[in-house]
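Read the structure below first, then the notes.
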Amino acid sequence: QLQLVESGGGLVPPGGSLRLSCVASGNTLDYHAVGWFRQAPGKEREGVSCIAGNDDSTYYAESVKGRFTISRDITKNTVYLQMTSLKSEDTAVYYCAADPRLGLYRLCALPGPVEYWGQGTQVTVSS
């Protein structure tokens, strides 16, 4: 059973940066597609960025392209989301999710069940 724990959220001014971490335990993240999702108050959850399990190809939502970078450290069983040039509209609870059966696009951009979720970390962008 895979457990996911997010960290790295916080309060940052507009234009600032944060790096979120998703640490896995109980099993390896190898061969799992892993994604970062966010949900702001009153809005639906959206896929922000995902990394494939087989070749580390990546997907980014249009709203974060050029500002966010997803990466994987196999040795630490961790996936990161480096966020730069943060905007107030990036404020949300950010969740990490993983699934060994899903492809990149299905995980990030299409609705449907995902096997493993973390508990979330709050990101607030405000001056």
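FYI, nothing fancy with the structure tokens labels: chains A, B, ... in order, residues from 1 per chain, ligands from 1 as they appear.
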**Neighbour list for A:Leu11 as a PyMOL selection string, cut-off 9 Å, only C-alpha atoms, skip fewer than 3 positions in-chain** = chain A and resi 122-127
Keeping only N, CA and C atoms, write those residues as a compact mmCIF listing (two decimals), in the first residue's frame.
```
# COMPACT_ATOMS: atom_id res chain seq x y z
N GLN A 122 -1.33 23.35 1.90
CA GLN A 122 -1.92 24.64 1.52
C GLN A 122 -0.85 25.55 0.93
N VAL A 123 -1.17 26.13 -0.21
CA VAL A 123 -0.34 27.17 -0.82
C VAL A 123 -1.17 28.44 -0.90
N THR A 124 -0.66 29.50 -0.30
CA THR A 124 -1.35 30.79 -0.32
C THR A 124 -0.41 31.84 -0.90
N VAL A 125 -0.86 32.47 -1.96
CA VAL A 125 -0.07 33.52 -2.61
C VAL A 125 -0.77 34.85 -2.33
N SER A 126 -0.14 35.65 -1.50
CA SER A 126 -0.76 36.90 -1.08
C SER A 126 0.31 37.85 -0.56
N SER A 127 0.06 39.14 -0.77
CA SER A 127 0.98 40.14 -0.23
C SER A 127 0.52 40.57 1.15
```
Just list as an mmCIF file with all heavy atoms, in the first residue's frame whatever in stretch 30-119 of chain A DSSP marks as strand (DSSP E).
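Done, and the output landed in part_27.cif:
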```cif
data_model
loop_
_atom_site.group_PDB
_atom_site.id
_atom_site.type_symbol
_atom_site.label_atom_id
_atom_site.label_comp_id
_atom_site.auth_asym_id
_atom_site.auth_seq_id
_atom_site.Cartn_x
_atom_site.Cartn_y
_atom_site.Cartn_z
ATOM 1 N N ALA A 33 2.617 6.677 -12.534
ATOM 2 C CA ALA A 33 2.398 8.058 -12.938
ATOM 3 C C ALA A 33 2.049 8.846 -11.677
ATOM 4 O O ALA A 33 1.246 8.391 -10.857
ATOM 5 C CB ALA A 33 1.276 8.154 -13.950
ATOM 6 N N VAL A 34 2.670 9.996 -11.516
ATOM 7 C CA VAL A 34 2.473 10.821 -10.316
ATOM 8 C C VAL A 34 2.067 12.222 -10.750
ATOM 9 O O VAL A 34 2.630 12.769 -11.702
ATOM 10 C CB VAL A 34 3.753 10.885 -9.467
ATOM 11 C CG1 VAL A 34 3.513 11.711 -8.203
ATOM 12 C CG2 VAL A 34 4.225 9.486 -9.100
ATOM 13 N N GLY A 35 1.124 12.773 -10.043
ATOM 14 C CA GLY A 35 0.652 14.094 -10.429
ATOM 15 C C GLY A 35 0.412 15.005 -9.250
ATOM 16 O O GLY A 35 0.236 14.558 -8.115
ATOM 17 N N TRP A 36 0.434 16.293 -9.545
ATOM 18 C CA TRP A 36 0.053 17.330 -8.589
ATOM 19 C C TRP A 36 -1.279 17.924 -9.043
ATOM 20 O O TRP A 36 -1.434 18.284 -10.216
ATOM 21 C CB TRP A 36 1.116 18.419 -8.514
ATOM 22 C CG TRP A 36 2.346 17.988 -7.778
ATOM 23 C CD1 TRP A 36 3.507 17.509 -8.315
ATOM 24 C CD2 TRP A 36 2.528 18.000 -6.364
ATOM 25 N NE1 TRP A 36 4.395 17.217 -7.320
ATOM 26 C CE2 TRP A 36 3.834 17.509 -6.108
ATOM 27 C CE3 TRP A 36 1.742 18.371 -5.278
ATOM 28 C CZ2 TRP A 36 4.352 17.384 -4.821
ATOM 29 C CZ3 TRP A 36 2.256 18.253 -3.997
ATOM 30 C CH2 TRP A 36 3.550 17.765 -3.777
ATOM 31 N N PHE A 37 -2.180 18.015 -8.102
ATOM 32 C CA PHE A 37 -3.509 18.565 -8.337
ATOM 33 C C PHE A 37 -3.737 19.688 -7.344
ATOM 34 O O PHE A 37 -3.073 19.740 -6.290
ATOM 35 C CB PHE A 37 -4.570 17.470 -8.153
ATOM 36 C CG PHE A 37 -4.414 16.325 -9.109
ATOM 37 C CD1 PHE A 37 -3.435 15.354 -8.918
ATOM 38 C CD2 PHE A 37 -5.237 16.214 -10.210
ATOM 39 C CE1 PHE A 37 -3.271 14.309 -9.803
ATOM 40 C CE2 PHE A 37 -5.093 15.162 -11.108
ATOM 41 C CZ PHE A 37 -4.107 14.219 -10.904
ATOM 42 N N ARG A 38 -4.675 20.557 -7.647
ATOM 43 C CA ARG A 38 -4.998 21.613 -6.694
ATOM 44 C C ARG A 38 -6.490 21.876 -6.683
ATOM 45 O O ARG A 38 -7.181 21.633 -7.664
ATOM 46 C CB ARG A 38 -4.223 22.893 -7.007
ATOM 47 C CG ARG A 38 -4.616 23.577 -8.309
ATOM 48 C CD ARG A 38 -3.671 24.749 -8.584
ATOM 49 N NE ARG A 38 -4.010 25.446 -9.808
ATOM 50 C CZ ARG A 38 -3.271 26.404 -10.354
ATOM 51 N NH1 ARG A 38 -2.118 26.778 -9.759
ATOM 52 N NH2 ARG A 38 -3.647 27.003 -11.467
ATOM 53 N N GLN A 39 -6.942 22.356 -5.540
ATOM 54 C CA GLN A 39 -8.343 22.708 -5.403
ATOM 55 C C GLN A 39 -8.445 23.987 -4.584
ATOM 56 O O GLN A 39 -8.010 24.022 -3.430
ATOM 57 C CB GLN A 39 -9.147 21.591 -4.750
ATOM 58 C CG GLN A 39 -10.632 21.846 -4.750
ATOM 59 C CD GLN A 39 -11.452 20.615 -4.453
ATOM 60 O OE1 GLN A 39 -10.970 19.639 -3.881
ATOM 61 N NE2 GLN A 39 -12.712 20.625 -4.865
ATOM 62 N N GLU A 46 -8.251 20.433 -10.058
ATOM 63 C CA GLU A 46 -7.681 20.412 -11.405
ATOM 64 C C GLU A 46 -6.283 19.805 -11.378
ATOM 65 O O GLU A 46 -5.538 19.942 -10.403
ATOM 66 C CB GLU A 46 -7.605 21.826 -11.994
ATOM 67 C CG GLU A 46 -6.697 22.777 -11.241
ATOM 68 C CD GLU A 46 -6.456 24.081 -11.986
ATOM 69 O OE1 GLU A 46 -6.585 24.108 -13.232
ATOM 70 O OE2 GLU A 46 -6.108 25.079 -11.321
ATOM 71 N N GLY A 47 -5.948 19.134 -12.454
ATOM 72 C CA GLY A 47 -4.604 18.606 -12.606
ATOM 73 C C GLY A 47 -3.642 19.716 -12.960
ATOM 74 O O GLY A 47 -3.908 20.473 -13.897
ATOM 75 N N VAL A 48 -2.577 19.851 -12.246
ATOM 76 C CA VAL A 48 -1.589 20.912 -12.450
ATOM 77 C C VAL A 48 -0.423 20.402 -13.287
ATOM 78 O O VAL A 48 -0.053 21.007 -14.292
ATOM 79 C CB VAL A 48 -1.075 21.435 -11.101
ATOM 80 C CG1 VAL A 48 0.053 22.436 -11.304
ATOM 81 C CG2 VAL A 48 -2.217 22.057 -10.300
ATOM 82 N N SER A 49 0.150 19.287 -12.861
ATOM 83 C CA SER A 49 1.292 18.727 -13.571
ATOM 84 C C SER A 49 1.445 17.272 -13.206
ATOM 85 O O SER A 49 1.189 16.882 -12.062
ATOM 86 C CB SER A 49 2.579 19.486 -13.186
ATOM 87 O OG SER A 49 3.691 18.956 -13.870
ATOM 88 N N CYS A 50 1.858 16.470 -14.172
ATOM 89 C CA CYS A 50 2.042 15.046 -13.947
ATOM 90 C C CYS A 50 3.315 14.563 -14.620
ATOM 91 O O CYS A 50 3.785 15.169 -15.591
ATOM 92 C CB CYS A 50 0.854 14.246 -14.481
ATOM 93 S SG CYS A 50 -0.695 14.521 -13.596
ATOM 94 N N ILE A 51 3.854 13.472 -14.079
ATOM 95 C CA ILE A 51 5.052 12.860 -14.650
ATOM 96 C C ILE A 51 4.762 11.378 -14.849
ATOM 97 O O ILE A 51 4.193 10.713 -13.978
ATOM 98 C CB ILE A 51 6.272 13.112 -13.748
ATOM 99 C CG1 ILE A 51 7.559 12.649 -14.408
ATOM 100 C CG2 ILE A 51 6.092 12.501 -12.360
ATOM 101 C CD1 ILE A 51 8.815 13.205 -13.743
ATOM 102 N N THR A 58 6.347 14.545 -19.190
ATOM 103 C CA THR A 58 5.602 15.421 -18.295
ATOM 104 C C THR A 58 4.427 16.083 -18.993
ATOM 105 O O THR A 58 4.385 16.200 -20.225
ATOM 106 C CB THR A 58 6.514 16.512 -17.714
ATOM 107 O OG1 THR A 58 7.114 17.246 -18.787
ATOM 108 C CG2 THR A 58 7.598 15.911 -16.840
ATOM 109 N N TYR A 59 3.487 16.522 -18.171
ATOM 110 C CA TYR A 59 2.303 17.252 -18.626
ATOM 111 C C TYR A 59 2.123 18.451 -17.707
ATOM 112 O O TYR A 59 2.328 18.340 -16.485
ATOM 113 C CB TYR A 59 1.071 16.350 -18.543
ATOM 114 C CG TYR A 59 -0.239 17.069 -18.741
ATOM 115 C CD1 TYR A 59 -0.843 17.123 -19.989
ATOM 116 C CD2 TYR A 59 -0.876 17.704 -17.678
ATOM 117 C CE1 TYR A 59 -2.046 17.793 -20.176
ATOM 118 C CE2 TYR A 59 -2.072 18.371 -17.848
ATOM 119 C CZ TYR A 59 -2.650 18.410 -19.105
ATOM 120 O OH TYR A 59 -3.834 19.085 -19.286
ATOM 121 N N TYR A 60 1.764 19.579 -18.287
ATOM 122 C CA TYR A 60 1.474 20.782 -17.498
ATOM 123 C C TYR A 60 0.159 21.385 -17.965
ATOM 124 O O TYR A 60 -0.105 21.473 -19.167
ATOM 125 C CB TYR A 60 2.582 21.817 -17.658
ATOM 126 C CG TYR A 60 3.915 21.383 -17.100
ATOM 127 C CD1 TYR A 60 4.874 20.782 -17.912
ATOM 128 C CD2 TYR A 60 4.215 21.564 -15.756
ATOM 129 C CE1 TYR A 60 6.087 20.371 -17.394
ATOM 130 C CE2 TYR A 60 5.430 21.159 -15.228
ATOM 131 C CZ TYR A 60 6.361 20.560 -16.059
ATOM 132 O OH TYR A 60 7.564 20.158 -15.540
ATOM 133 N N PHE A 68 5.931 26.285 -13.549
ATOM 134 C CA PHE A 68 6.053 25.125 -12.659
ATOM 135 C C PHE A 68 6.882 24.054 -13.343
ATOM 136 O O PHE A 68 6.814 23.881 -14.567
ATOM 137 C CB PHE A 68 4.687 24.543 -12.325
ATOM 138 C CG PHE A 68 3.820 25.405 -11.443
ATOM 139 C CD1 PHE A 68 4.142 26.717 -11.138
ATOM 140 C CD2 PHE A 68 2.638 24.888 -10.917
ATOM 141 C CE1 PHE A 68 3.328 27.499 -10.337
ATOM 142 C CE2 PHE A 68 1.817 25.650 -10.112
ATOM 143 C CZ PHE A 68 2.161 26.959 -9.820
ATOM 144 N N THR A 69 7.628 23.300 -12.532
ATOM 145 C CA THR A 69 8.419 22.181 -13.049
ATOM 146 C C THR A 69 8.241 20.979 -12.135
ATOM 147 O O THR A 69 8.464 21.085 -10.919
ATOM 148 C CB THR A 69 9.910 22.543 -13.128
ATOM 149 O OG1 THR A 69 10.075 23.710 -13.931
ATOM 150 C CG2 THR A 69 10.703 21.390 -13.737
ATOM 151 N N ILE A 70 7.859 19.851 -12.718
ATOM 152 C CA ILE A 70 7.734 18.620 -11.963
ATOM 153 C C ILE A 70 8.973 17.769 -12.197
ATOM 154 O O ILE A 70 9.530 17.752 -13.298
ATOM 155 C CB ILE A 70 6.441 17.852 -12.354
ATOM 156 C CG1 ILE A 70 6.155 16.724 -11.366
ATOM 157 C CG2 ILE A 70 6.512 17.341 -13.785
ATOM 158 C CD1 ILE A 70 4.776 16.092 -11.548
ATOM 159 N N SER A 71 9.403 17.082 -11.137
ATOM 160 C CA SER A 71 10.575 16.209 -11.272
ATOM 161 C C SER A 71 10.452 15.059 -10.283
ATOM 162 O O SER A 71 9.671 15.113 -9.333
ATOM 163 C CB SER A 71 11.868 16.986 -11.032
ATOM 164 O OG SER A 71 11.896 17.521 -9.711
ATOM 165 N N ARG A 72 11.260 14.044 -10.546
ATOM 166 C CA ARG A 72 11.207 12.825 -9.722
ATOM 167 C C ARG A 72 12.610 12.472 -9.270
ATOM 168 O O ARG A 72 13.556 12.517 -10.080
ATOM 169 C CB ARG A 72 10.616 11.695 -10.554
ATOM 170 C CG ARG A 72 10.439 10.374 -9.861
ATOM 171 C CD ARG A 72 10.304 9.229 -10.888
ATOM 172 N NE ARG A 72 9.154 9.369 -11.733
ATOM 173 C CZ ARG A 72 7.981 8.757 -11.519
ATOM 174 N NH1 ARG A 72 7.829 8.003 -10.437
ATOM 175 N NH2 ARG A 72 6.973 8.897 -12.364
ATOM 176 N N ASP A 73 12.776 12.117 -7.988
ATOM 177 C CA ASP A 73 14.037 11.600 -7.468
ATOM 178 C C ASP A 73 13.781 10.170 -7.009
ATOM 179 O O ASP A 73 13.199 9.944 -5.945
ATOM 180 C CB ASP A 73 14.541 12.466 -6.309
ATOM 181 C CG ASP A 73 15.929 12.048 -5.844
ATOM 182 O OD1 ASP A 73 16.314 10.880 -6.025
ATOM 183 O OD2 ASP A 73 16.634 12.907 -5.280
ATOM 184 N N THR A 78 10.565 10.330 -4.193
ATOM 185 C CA THR A 78 9.931 11.638 -4.017
ATOM 186 C C THR A 78 9.692 12.287 -5.375
ATOM 187 O O THR A 78 10.520 12.161 -6.286
ATOM 188 C CB THR A 78 10.824 12.549 -3.154
ATOM 189 O OG1 THR A 78 11.004 11.946 -1.865
ATOM 190 C CG2 THR A 78 10.189 13.918 -2.975
ATOM 191 N N VAL A 79 8.570 12.987 -5.481
ATOM 192 C CA VAL A 79 8.275 13.820 -6.642
ATOM 193 C C VAL A 79 8.141 15.257 -6.159
ATOM 194 O O VAL A 79 7.514 15.513 -5.120
ATOM 195 C CB VAL A 79 6.998 13.344 -7.356
ATOM 196 C CG1 VAL A 79 6.587 14.339 -8.432
ATOM 197 C CG2 VAL A 79 7.217 11.963 -7.973
ATOM 198 N N TYR A 80 8.727 16.171 -6.909
ATOM 199 C CA TYR A 80 8.733 17.586 -6.546
ATOM 200 C C TYR A 80 7.905 18.405 -7.529
ATOM 201 O O TYR A 80 7.741 18.032 -8.696
ATOM 202 C CB TYR A 80 10.163 18.122 -6.538
ATOM 203 C CG TYR A 80 11.096 17.404 -5.618
ATOM 204 C CD1 TYR A 80 11.972 16.432 -6.107
ATOM 205 C CD2 TYR A 80 11.133 17.689 -4.263
ATOM 206 C CE1 TYR A 80 12.842 15.760 -5.268
ATOM 207 C CE2 TYR A 80 12.004 17.031 -3.408
ATOM 208 C CZ TYR A 80 12.858 16.067 -3.918
ATOM 209 O OH TYR A 80 13.718 15.416 -3.073
ATOM 210 N N LEU A 81 7.418 19.530 -7.036
ATOM 211 C CA LEU A 81 6.805 20.535 -7.906
ATOM 212 C C LEU A 81 7.446 21.871 -7.558
ATOM 213 O O LEU A 81 7.189 22.425 -6.485
ATOM 214 C CB LEU A 81 5.290 20.603 -7.721
ATOM 215 C CG LEU A 81 4.590 21.558 -8.681
ATOM 216 C CD1 LEU A 81 4.654 21.005 -10.118
ATOM 217 C CD2 LEU A 81 3.135 21.786 -8.277
ATOM 218 N N GLN A 82 8.317 22.336 -8.428
ATOM 219 C CA GLN A 82 8.938 23.640 -8.254
ATOM 220 C C GLN A 82 8.015 24.684 -8.868
ATOM 221 O O GLN A 82 7.695 24.603 -10.057
ATOM 222 C CB GLN A 82 10.307 23.686 -8.932
ATOM 223 C CG GLN A 82 11.000 25.025 -8.821
ATOM 224 C CD GLN A 82 11.430 25.344 -7.409
ATOM 225 O OE1 GLN A 82 12.049 24.522 -6.729
ATOM 226 N NE2 GLN A 82 11.112 26.547 -6.936
ATOM 227 N N MET A 83 7.599 25.640 -8.055
ATOM 228 C CA MET A 83 6.654 26.657 -8.499
ATOM 229 C C MET A 83 7.341 28.018 -8.430
ATOM 230 O O MET A 83 7.841 28.404 -7.367
ATOM 231 C CB MET A 83 5.407 26.644 -7.627
ATOM 232 C CG MET A 83 4.738 25.276 -7.533
ATOM 233 S SD MET A 83 3.167 25.312 -6.638
ATOM 234 C CE MET A 83 3.739 25.761 -5.006
ATOM 235 N N ALA A 92 -4.350 27.540 -3.385
ATOM 236 C CA ALA A 92 -5.170 26.329 -3.354
ATOM 237 C C ALA A 92 -4.531 25.331 -2.400
ATOM 238 O O ALA A 92 -3.390 25.523 -1.948
ATOM 239 C CB ALA A 92 -5.273 25.710 -4.740
ATOM 240 N N VAL A 93 -5.266 24.261 -2.126
ATOM 241 C CA VAL A 93 -4.664 23.094 -1.499
ATOM 242 C C VAL A 93 -4.109 22.218 -2.614
ATOM 243 O O VAL A 93 -4.825 21.904 -3.568
ATOM 244 C CB VAL A 93 -5.679 22.304 -0.647
ATOM 245 C CG1 VAL A 93 -5.012 21.067 -0.050
ATOM 246 C CG2 VAL A 93 -6.251 23.193 0.451
ATOM 247 N N TYR A 94 -2.854 21.858 -2.493
ATOM 248 C CA TYR A 94 -2.187 21.055 -3.508
ATOM 249 C C TYR A 94 -2.066 19.615 -3.016
ATOM 250 O O TYR A 94 -1.608 19.358 -1.895
ATOM 251 C CB TYR A 94 -0.802 21.621 -3.810
ATOM 252 C CG TYR A 94 -0.861 22.848 -4.686
ATOM 253 C CD1 TYR A 94 -1.366 24.051 -4.192
ATOM 254 C CD2 TYR A 94 -0.439 22.804 -6.009
ATOM 255 C CE1 TYR A 94 -1.438 25.176 -5.008
ATOM 256 C CE2 TYR A 94 -0.502 23.920 -6.830
ATOM 257 C CZ TYR A 94 -1.005 25.104 -6.317
ATOM 258 O OH TYR A 94 -1.073 26.218 -7.118
ATOM 259 N N TYR A 95 -2.481 18.689 -3.877
ATOM 260 C CA TYR A 95 -2.473 17.271 -3.552
ATOM 261 C C TYR A 95 -1.551 16.527 -4.506
ATOM 262 O O TYR A 95 -1.483 16.836 -5.698
ATOM 263 C CB TYR A 95 -3.876 16.683 -3.683
ATOM 264 C CG TYR A 95 -4.903 17.284 -2.771
ATOM 265 C CD1 TYR A 95 -5.664 18.376 -3.176
ATOM 266 C CD2 TYR A 95 -5.137 16.748 -1.512
ATOM 267 C CE1 TYR A 95 -6.615 18.932 -2.345
ATOM 268 C CE2 TYR A 95 -6.098 17.295 -0.668
ATOM 269 C CZ TYR A 95 -6.830 18.383 -1.094
ATOM 270 O OH TYR A 95 -7.778 18.921 -0.260
ATOM 271 N N CYS A 96 -0.914 15.513 -3.970
ATOM 272 C CA CYS A 96 -0.125 14.590 -4.761
ATOM 273 C C CYS A 96 -0.952 13.316 -4.954
ATOM 274 O O CYS A 96 -1.661 12.885 -4.033
ATOM 275 C CB CYS A 96 1.174 14.278 -4.013
ATOM 276 S SG CYS A 96 2.201 13.031 -4.755
ATOM 277 N N ALA A 97 -0.867 12.731 -6.136
ATOM 278 C CA ALA A 97 -1.592 11.493 -6.414
ATOM 279 C C ALA A 97 -0.739 10.593 -7.292
ATOM 280 O O ALA A 97 0.097 11.080 -8.062
ATOM 281 C CB ALA A 97 -2.914 11.796 -7.097
ATOM 282 N N ALA A 98 -0.972 9.304 -7.188
ATOM 283 C CA ALA A 98 -0.184 8.347 -7.964
ATOM 284 C C ALA A 98 -1.043 7.156 -8.348
ATOM 285 O O ALA A 98 -1.975 6.778 -7.623
ATOM 286 C CB ALA A 98 1.035 7.878 -7.159
ATOM 287 N N ASP A 99 -0.702 6.578 -9.490
ATOM 288 C CA ASP A 99 -1.439 5.406 -9.947
ATOM 289 C C ASP A 99 -0.550 4.614 -10.894
ATOM 290 O O ASP A 99 -0.010 5.190 -11.848
ATOM 291 C CB ASP A 99 -2.728 5.823 -10.644
ATOM 292 C CG ASP A 99 -3.736 4.687 -10.726
ATOM 293 O OD1 ASP A 99 -3.367 3.622 -11.277
ATOM 294 O OD2 ASP A 99 -4.863 4.844 -10.258
ATOM 295 N N TYR A 116 -4.074 6.438 -5.422
ATOM 296 C CA TYR A 116 -3.441 6.931 -4.189
ATOM 297 C C TYR A 116 -3.428 8.448 -4.146
ATOM 298 O O TYR A 116 -3.079 9.097 -5.131
ATOM 299 C CB TYR A 116 -2.001 6.412 -4.080
ATOM 300 C CG TYR A 116 -1.879 4.910 -4.120
ATOM 301 C CD1 TYR A 116 -1.372 4.270 -5.240
ATOM 302 C CD2 TYR A 116 -2.257 4.136 -3.032
ATOM 303 C CE1 TYR A 116 -1.263 2.895 -5.291
ATOM 304 C CE2 TYR A 116 -2.150 2.756 -3.072
ATOM 305 C CZ TYR A 116 -1.655 2.142 -4.194
ATOM 306 O OH TYR A 116 -1.543 0.774 -4.241
ATOM 307 N N TRP A 117 -3.767 8.986 -2.966
ATOM 308 C CA TRP A 117 -3.781 10.433 -2.748
ATOM 309 C C TRP A 117 -3.075 10.778 -1.446
ATOM 310 O O TRP A 117 -3.147 10.021 -0.472
ATOM 311 C CB TRP A 117 -5.215 10.952 -2.660
ATOM 312 C CG TRP A 117 -5.938 10.962 -3.975
ATOM 313 C CD1 TRP A 117 -6.716 9.969 -4.496
ATOM 314 C CD2 TRP A 117 -5.945 12.018 -4.935
ATOM 315 N NE1 TRP A 117 -7.208 10.348 -5.711
ATOM 316 C CE2 TRP A 117 -6.756 11.600 -6.015
ATOM 317 C CE3 TRP A 117 -5.354 13.280 -4.987
ATOM 318 C CZ2 TRP A 117 -6.983 12.396 -7.139
ATOM 319 C CZ3 TRP A 117 -5.587 14.076 -6.099
ATOM 320 C CH2 TRP A 117 -6.389 13.628 -7.159
#
```
**Asked** Where does DSSP see helix (DSSP H, G or I) in chain A, if you list the residues as a PyMOL selection string?
**Response** chain A and resi 62-64+74-76+88-90+104-109
**Request:** Please provide the set of residues having any atom within 12 Å of A:Gly112, restricted to only C-alpha atoms, with same-chain residues fewer than 3 positions apart removed, written as a ChimeraX atom specification.
**Result:** /A:45-47,99,102,105-109,115
Now that the selection is made, can you save its residues with N, CA and C atoms as a PDB file, in the first residue's frame?
```
ATOM      1  N   ARG A  45     -11.393  20.432  -8.414  1.00  0.00           N
ATOM      2  CA  ARG A  45      -9.984  20.041  -8.415  1.00  0.00           C
ATOM      3  C   ARG A  45      -9.472  19.974  -9.851  1.00  0.00           C
ATOM      4  N   GLU A  46      -8.251  20.433 -10.058  1.00  0.00           N
ATOM      5  CA  GLU A  46      -7.681  20.412 -11.405  1.00  0.00           C
ATOM      6  C   GLU A  46      -6.283  19.805 -11.378  1.00  0.00           C
ATOM      7  N   GLY A  47      -5.948  19.134 -12.454  1.00  0.00           N
ATOM      8  CA  GLY A  47      -4.604  18.606 -12.606  1.00  0.00           C
ATOM      9  C   GLY A  47      -3.642  19.716 -12.960  1.00  0.00           C
ATOM     10  N   ASP A  99      -0.702   6.578  -9.490  1.00  0.00           N
ATOM     11  CA  ASP A  99      -1.439   5.406  -9.947  1.00  0.00           C
ATOM     12  C   ASP A  99      -0.550   4.614 -10.894  1.00  0.00           C
ATOM     13  N   LEU A 102      -2.361   4.215 -14.769  1.00  0.00           N
ATOM     14  CA  LEU A 102      -2.818   5.295 -15.622  1.00  0.00           C
ATOM     15  C   LEU A 102      -1.686   5.901 -16.428  1.00  0.00           C
ATOM     16  N   TYR A 105      -1.715  11.509 -19.575  1.00  0.00           N
ATOM     17  CA  TYR A 105      -2.840  12.390 -19.884  1.00  0.00           C
ATOM     18  C   TYR A 105      -4.080  12.000 -19.105  1.00  0.00           C
ATOM     19  N   ARG A 106      -4.327  10.716 -18.985  1.00  0.00           N
ATOM     20  CA  ARG A 106      -5.497  10.243 -18.228  1.00  0.00           C
ATOM     21  C   ARG A 106      -5.393  10.698 -16.789  1.00  0.00           C
ATOM     22  N   LEU A 107      -4.212  10.616 -16.188  1.00  0.00           N
ATOM     23  CA  LEU A 107      -4.061  11.013 -14.794  1.00  0.00           C
ATOM     24  C   LEU A 107      -4.325  12.496 -14.618  1.00  0.00           C
ATOM     25  N   CYS A 108      -3.726  13.310 -15.489  1.00  0.00           N
ATOM     26  CA  CYS A 108      -3.712  14.742 -15.254  1.00  0.00           C
ATOM     27  C   CYS A 108      -4.915  15.488 -15.813  1.00  0.00           C
ATOM     28  N   ALA A 109      -5.432  15.036 -16.932  1.00  0.00           N
ATOM     29  CA  ALA A 109      -6.384  15.872 -17.656  1.00  0.00           C
ATOM     30  C   ALA A 109      -7.785  15.304 -17.782  1.00  0.00           C
ATOM     31  N   GLU A 115      -5.717   5.978  -7.763  1.00  0.00           N
ATOM     32  CA  GLU A 115      -5.612   5.026  -6.665  1.00  0.00           C
ATOM     33  C   GLU A 115      -5.094   5.619  -5.362  1.00  0.00           C
TER      34      GLU A 115
END
```
**Asked** So which one's closest to A:Asp30, A:Gly53, A:Gly42, A:Gly15, A:Gly8? Using only C-alpha atoms, please.
**Response** A:Gly53
**Fill in**
atom CA of A:Gly10 to atom CA of A:Ala52 measures 26.7 Å
**Complete:** Taken to one decimal, the atom CA of A:Ala61-atom CA of A:Thr28 distance is 25.8 Å
**Complete:** Of A:Pro100, A:Pro13, A:Pro111, A:Gly118, the one sitting nearest A:Leu86 when using only C-alpha atoms is A:Pro13
